[in-house]
Amino acid sequence: MDSKTADEDIDESEEDGIDFEEDENDSSLDSSTGYATSEKLYENVQNVEETRLTASTNLQEELRIMLLGATGSGKSSTGNTILSCSAFKSDMQLSRVTQFCERASGNISGQPVAIIDTPGLNRIHHTEKEVTREILKSTSLYTPGPHVFLLVMPVGNLSNDDKSMHKLIESMFGESIWKYTIIVFTHGDRLEGKTANDVIAYSDKELRSFIHKCSGGFLFFNNKDTTNYEPVTELLKKVQTLVAINGKSCYTTSFYPASERKIKKKMEKVLEMRKDKIEQQERELMIHCKTEQEVERKKQELWRAEENNARKMAENPAKQKKMSMKLAKRCPDRKSSI
Ligand SMILES: Nc1nc2c(ncn2[C@@H]2O[C@H](COP(=O)(O)OP(=O)(O)O)[C@@H](O)[C@H]2O)c(=O)[nH]1
Ligand SMILES: [Mg+2]
């Protein structure tokens, strides 16, 4: 495999005279958002693991549900409870927790669902930024976007970590995210005979105001009791109600805060510019790898590296400026911005 870094290649791309100018009429850009369409950018990408658990013959639209929350909050277990099988790794052993977004499909009482599990939004495995990147990337990957986010947290009052995580979520996804959010309190086995509503009624004010913010309300899951399917059917009803309240729309990347949208636009431009190089590297993988699985794994690695580099370029105005100036010298007639 070509061992050149994306940065080195980008310098070469300049030699090739790649145009950094923004083209508003580019047909690869979504006309409403101005971003490159995900179909265009990710047409050959499969950088998340997809597990088809149930061959669904149902023609109903699949509901896309994305799990968010801290490491150890019970996201993967909740995904498994919903799908009634061990689709996601769930463990407190750090080496086994989810590092990348993963998707698994199944159905709830005949309704097709796709669950997207995500790495924890706290700094155990990765830096916060890397996790943020991974989640944002996969949000745009599952076009047009999730119908619902499940914010998974163990039952209890809000800690300072919870509050800063909520701030992080809002800065990543914009305030609109709360319109698409249902809170799932895990460890329902701790209720000790109290009703879920009583637990919330006697919880502190901050938790109750946070629940107010989330349009989908809350429910409790006991992931240790796999014999009780009732919470899962209750969840489906809540998801369907929320989808109705949102006019059957789903969360899209157009809700990203302006700063994130700007980065994303630049990032997609860099990836678009590098498309030929990436495709060339993909062809080389096909020659050098022994099995299809190896090709897929290497492709995932390649895309992760490319996207991380594109993000770094997009986030680093100094580097962009350097690139633009180089280009301007080479091609003085061009408006050089990415
Ligand atoms: N008692 C109890 N344990 C749970 C529940 N949900 C998750 N756990 C445990 O909490 C730990 C972390 O769960 P996991 O799903 O891996 O969390 P994630 O990091 O958010 O994906 C695991 O040991 C689970 O078995 C629950 O409802 N009740
Ligand atoms: Mg997990």
# chains A, B, ... in the order shown; residues from 1 in each chain; ligands from 1

call {"tool": "residues_near_ligand", "arguments": {"ligand": "ligand 2", "cutoff": "7 Å", "atoms": "only C-alpha atoms and all ligand atoms", "output": "list in words"}}
result
Thr71, Gly72, Gly74, Lys75, Ser76, Lys89, Ser90, Val97, Thr98, Asp117, Thr118, Pro119 and Gly120 of chain A

call {"tool": "write_last_selection", "arguments": {"atoms": "C-alpha atoms", "output": "mmCIF file, in the first residue's frame"}}
result
data_model
loop_
_atom_site.group_PDB
_atom_site.id
_atom_site.type_symbol
_atom_site.label_atom_id
_atom_site.label_comp_id
_atom_site.auth_asym_id
_atom_site.auth_seq_id
_atom_site.Cartn_x
_atom_site.Cartn_y
_atom_site.Cartn_z
ATOM 1 C CA THR A 71 -18.662 5.214 28.119
ATOM 2 C CA GLY A 72 -20.218 2.654 30.437
ATOM 3 C CA GLY A 74 -25.153 1.261 28.785
ATOM 4 C CA LYS A 75 -25.382 2.269 25.092
ATOM 5 C CA SER A 76 -24.277 -1.052 23.613
ATOM 6 C CA LYS A 89 -19.904 -5.521 22.353
ATOM 7 C CA SER A 90 -20.821 -4.534 25.867
ATOM 8 C CA VAL A 97 -15.669 -0.926 24.516
ATOM 9 C CA THR A 98 -16.886 0.588 21.254
ATOM 10 C CA ASP A 117 -23.836 2.531 18.451
ATOM 11 C CA THR A 118 -21.217 5.182 19.144
ATOM 12 C CA PRO A 119 -18.036 5.511 21.237
ATOM 13 C CA GLY A 120 -18.458 7.135 24.642
#

call {"tool": "residues_near_ligand", "arguments": {"ligand": "ligand 1", "cutoff": "10 Å", "atoms": "only C-alpha atoms and all ligand atoms", "output": "PyMOL selection string"}}
result
chain A and resi 67-81+88-94+96-99+117-121+152-155+184-190+220-226

call {"tool": "select_by_dssp", "arguments": {"residues": "segment 159-202 of chain A", "states": "helix (DSSP H, G or I)", "output": "ChimeraX atom specification"}}
result
/A:160-173,175-180,188-191,196-201

call {"tool": "residues_around", "arguments": {"residues": "Glu234 of chain A", "least_positions_apart": "4", "cutoff": "12 Å", "atoms": "only C-alpha atoms", "output": "number ranges by chain"}}
result
A: 82, 108-109, 182, 184, 216-221, 228-230, 238-241

call {"tool": "atom_distance", "arguments": {"atom1": "atom CA of Ser159 of chain A", "atom2": "atom CA of Tyr202 of chain A"}}
result
16.2 Å
